[in-house]
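**Student:** Data: data.txt, compact mmCIF, C-alpha atoms.
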# COMPACT_ATOMS: atom_id res chain seq x y z
CA MET Y 213 78.72 -36.54 11.91
CA GLU Y 214 76.87 -36.96 8.59
CA LYS Y 215 74.91 -39.92 9.93
CA ASP Y 216 73.70 -37.87 12.91
CA GLN Y 217 72.67 -35.02 10.62
CA LEU Y 218 70.82 -37.46 8.39
CA LYS Y 219 69.11 -39.02 11.41
CA TYR Y 220 67.98 -35.60 12.63
CA ALA Y 221 66.84 -34.65 9.13
CA GLN Y 222 64.69 -37.78 9.01
CA GLN Y 223 63.22 -36.94 12.41
CA HIS Y 224 62.45 -33.37 11.34
CA LEU Y 225 60.82 -34.62 8.14
CA ALA Y 226 58.75 -37.13 10.14
CA ASN Y 227 57.73 -34.30 12.47
CA GLU Y 228 56.61 -32.23 9.46
CA ARG Y 229 54.66 -35.17 8.02
CA THR Y 230 52.88 -35.59 11.35
CA PHE Y 231 52.01 -31.89 11.40
CA LEU Y 232 50.63 -32.09 7.86
CA ALA Y 233 48.60 -35.17 8.84
CA TRP Y 234 47.00 -33.14 11.64
CA ILE Y 235 46.20 -30.36 9.16
CA ARG Y 236 44.57 -32.86 6.78
CA THR Y 237 42.55 -34.13 9.73
CA VAL Y 238 41.41 -30.58 10.49
CA ILE Y 239 40.33 -30.08 6.87
CA ALA Y 240 38.33 -33.32 7.00
CA ILE Y 241 36.65 -32.47 10.33
CA VAL Y 242 35.69 -28.95 9.28
CA GLY Y 243 34.55 -30.23 5.90
CA VAL Y 244 32.27 -32.83 7.48
CA GLY Y 245 30.80 -30.21 9.81
CA PHE Y 246 30.25 -27.76 6.97
CA LEU Y 247 28.73 -30.47 4.79
CA ALA Y 248 26.40 -31.69 7.53
CA THR Y 249 25.20 -28.18 8.35
CA SER Y 250 24.75 -27.05 4.75
CA LEU Y 251 22.99 -30.27 3.74
CA HIS Y 252 20.63 -29.96 6.69
CA PHE Y 253 19.44 -26.55 5.54
CA THR Y 254 19.34 -27.33 1.79
CA ILE Y 255 17.62 -30.72 1.67
CA GLY Y 256 13.97 -31.22 2.44
CA VAL Y 257 14.29 -32.33 6.05
CA HIS Y 258 11.36 -31.74 8.39
CA ARG Y 259 12.01 -28.35 10.03
CA ASP Y 260 12.35 -28.40 13.79
CA ASP Y 261 14.02 -25.72 15.91
CA ARG Y 262 15.75 -28.33 18.04
CA ILE Y 263 17.27 -30.10 15.03
CA ASP Y 264 18.21 -26.76 13.43
CA LEU Y 265 20.02 -25.75 16.62
CA ILE Y 266 21.87 -29.09 16.80
CA SER Y 267 22.94 -28.67 13.17
CA ILE Y 268 24.20 -25.12 13.73
CA VAL Y 269 26.05 -26.09 16.91
CA LEU Y 270 27.54 -29.08 15.09
CA GLY Y 271 28.92 -26.84 12.35
CA MET Y 272 30.29 -24.32 14.84
CA PHE Y 273 31.80 -27.05 16.99
CA THR Y 274 33.65 -28.61 14.06
CA CYS Y 275 35.15 -25.21 13.21
CA ALA Y 276 36.17 -24.68 16.85
CA LEU Y 277 37.58 -28.21 17.00
CA GLY Y 278 39.54 -27.55 13.82
CA LEU Y 279 40.96 -24.40 15.37
CA VAL Y 280 41.94 -26.20 18.58
CA ILE Y 281 43.58 -29.06 16.69
CA THR Y 282 45.49 -26.62 14.47
CA VAL Y 283 46.84 -24.76 17.51
CA LEU Y 284 47.74 -28.00 19.32
CA ALA Y 285 49.38 -29.42 16.18
CA THR Y 286 51.44 -26.26 15.72
CA PHE Y 287 52.58 -26.23 19.34
CA GLY Y 288 53.29 -29.96 19.17
CA TYR Y 289 55.33 -29.51 15.98
CA LEU Y 290 57.41 -26.69 17.50
CA GLN Y 291 57.89 -28.64 20.74
CA LYS Y 292 59.02 -31.76 18.88
CA LYS Y 293 61.34 -29.68 16.70
CA ARG Y 294 63.00 -28.31 19.83
CA GLN Y 295 63.18 -31.77 21.41
CA ILE Y 296 64.77 -33.23 18.27
CA ASN Y 297 67.41 -30.53 18.32
CA GLU Y 298 68.05 -31.07 22.05
CA GLY Y 299 68.09 -34.86 21.74
CA THR Y 300 65.19 -35.37 24.16
CA PHE Y 301 61.71 -36.77 23.62
CA ARG Y 302 58.58 -36.64 25.72
CA PRO Y 303 55.33 -38.08 24.34
CA SER Y 304 52.43 -35.65 24.22
CA SER Y 305 49.62 -37.76 25.61
CA ALA Y 306 47.74 -34.72 26.95
CA HIS Y 307 47.17 -33.39 23.40
CA VAL Y 308 45.98 -36.78 22.19
CA ILE Y 309 43.59 -37.20 25.13
CA LEU Y 310 42.18 -33.69 24.67
CA ILE Y 311 41.56 -34.25 20.97
CA ALA Y 312 40.00 -37.66 21.69
CA VAL Y 313 37.59 -36.05 24.18
CA PHE Y 314 36.61 -33.42 21.61
CA MET Y 315 36.05 -36.14 19.00
CA VAL Y 316 33.78 -38.03 21.42
CA VAL Y 317 31.77 -34.82 21.90
CA LEU Y 318 31.59 -34.32 18.13
CA LEU Y 319 30.42 -37.88 17.51
CA SER Y 320 27.87 -37.54 20.31
CA MET Y 321 26.48 -34.43 18.62
CA ILE Y 322 26.21 -36.29 15.30
CA ILE Y 323 24.40 -39.17 17.00
CA LEU Y 324 22.10 -36.66 18.75
CA TYR Y 325 21.33 -35.08 15.38
CA PHE Y 326 20.34 -38.42 13.85
CA VAL Y 327 18.25 -39.37 16.89
CA PHE Y 328 16.10 -36.23 16.60
CA ILE Y 329 15.90 -35.98 12.80
CA LYS Y 330 12.61 -36.88 11.14
CA VAL Y 331 12.72 -37.45 7.42
What's the structure tokens form of this structure?

**Tutor:**
Amino acid sequence: MEKDQLKYAQQHLANERTFLAWIRTVIAIVGVGFLATSLHFTIGVHRDDRIDLISIVLGMFTCALGLVITVLATFGYLQKKRQINEGTFRPSSAHVILIAVFMVVLLSMIILYFVFIKV
């Protein structure tokens, strides 16, 4: 019985580490968006309404992406916690695919920003 409890404890701790990794990822994504937006408006970049709009949308999108990832990570953590306790496991590929799509959009916006920027 102790070995099973230890095994489940290790699984729960691994689940918590995964959740915290997602939260660190959110902090990094939002930080990059905030940094990109604030740097755009504080450094001497050629002013253009199109570039300003891309920069603002980029900052807002990173915040929204951070919110979505936080919600998905929380639901994933709670779902895995329940599955560990029940002794079942189902991979969550839908969450991973959704986050990957959002990251592709984010990277596309960053590329778009650099294509239109004139120093």

**Student:** Hey, can you pull every residue with an atom no more than 10 Å from (23.6, -30.7, 8.1), using all atoms listed in the file, and send it as a CSV table (one decimal) with C-alpha atoms, in the coordinates of the input?

**Tutor:**
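Result went into part14.csv, see below:
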chain,number,residue,atom,x,y,z
Y,244,VAL,CA,32.3,-32.8,7.5
Y,245,GLY,CA,30.8,-30.2,9.8
Y,246,PHE,CA,30.2,-27.8,7.0
Y,247,LEU,CA,28.7,-30.5,4.8
Y,248,ALA,CA,26.4,-31.7,7.5
Y,249,THR,CA,25.2,-28.2,8.4
Y,250,SER,CA,24.8,-27.0,4.8
Y,251,LEU,CA,23.0,-30.3,3.7
Y,252,HIS,CA,20.6,-30.0,6.7
Y,253,PHE,CA,19.4,-26.6,5.5
Y,254,THR,CA,19.3,-27.3,1.8
Y,255,ILE,CA,17.6,-30.7,1.7
Y,257,VAL,CA,14.3,-32.3,6.0
Y,263,ILE,CA,17.3,-30.1,15.0
Y,264,ASP,CA,18.2,-26.8,13.4
Y,266,ILE,CA,21.9,-29.1,16.8
Y,267,SER,CA,22.9,-28.7,13.2
Y,268,ILE,CA,24.2,-25.1,13.7
Y,270,LEU,CA,27.5,-29.1,15.1
Y,271,GLY,CA,28.9,-26.8,12.4
Y,322,ILE,CA,26.2,-36.3,15.3
Y,325,TYR,CA,21.3,-35.1,15.4

**Student:** Applying 9 Å and all atoms listed in the file, which residues near Tyr289 (chain Y) remain after dropping the ones on its own chain fewer than 2 positions away? List them as a ChimeraX atom specification.

**Tutor:** /Y:227-228,230-231,284-287,291-294

**Student:** Name the closest residue to Gly288 (chain Y) among the candidates Y:Leu232, Y:Ala240, Y:Val313, Y:Leu265; distances are taken between atoms, counting all atoms listed in the file.

**Tutor:** Y:Leu232

**Student:** Return as JSON the centre and edge lengths, in Å with one decimal, of the box along x, y and z that encloses every atom of region 243-255 of chain Y in the file, padded by 3 Å per side.

**Tutor:**
{"center_x": 26.1, "center_y": -29.7, "center_z": 5.7, "size_x": 22.9, "size_y": 12.3, "size_z": 14.1}

**Student:** Here is a test: counting only C-alpha atoms, which residue of Y:Thr274, Y:Asn297, Y:Gln222, Y:Thr282 is nearest to Trp234 (chain Y)?

**Tutor:**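 When distances to Trp234 (chain Y) are compared using only C-alpha atoms, the smallest one comes from Y:Thr282.
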
**Student:** Could you tell me how far CA of Val238 (chain Y) sits from CA of Val283 (chain Y), in Å to one decimal place?

**Tutor:**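 Going from CA of Val283 (chain Y) over to CA of Val238 (chain Y) covers 10.6 Å.
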
**Student:** Between CA of Glu298 (chain Y) and CA of Thr237 (chain Y), what distance in Å does the model show, to one decimal?

**Tutor:** 28.5 Å

**Student:** Could you jot down the CA of Ile329 (chain Y) to CA of Leu279 (chain Y) separation for me, Å, one decimal place?

**Tutor:**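 Spanning CA of Ile329 (chain Y) to CA of Leu279 (chain Y) is a straight-line distance of 27.7 Å.
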
**Student:** Nearest residue to Ile239 (chain Y) out of Y:Ala312, Y:Ile281, Y:Arg302, Y:Ala226, using all atoms listed in the file?

**Tutor:**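 For Ile239 (chain Y), the nearest of the given residues is Y:Ile281.
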
**Student:** Closest to Leu319 (chain Y) among Y:Thr300, Y:Ile241, Y:Asp261, Y:Ala276, using all atoms listed in the file?

**Tutor:**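 Of all the options, Y:Ile241 lies closest to Leu319 (chain Y).
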
**Student:** May I ask which of the residues Y:Ile296, Y:Gly243, Y:Phe273, Y:Arg259 is the closest one to His224 (chain Y), counting all atoms listed in the file?

**Tutor:**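 Ranking Y:Ile296, Y:Gly243, Y:Phe273, Y:Arg259 by distance to His224 (chain Y), first place goes to Y:Ile296.
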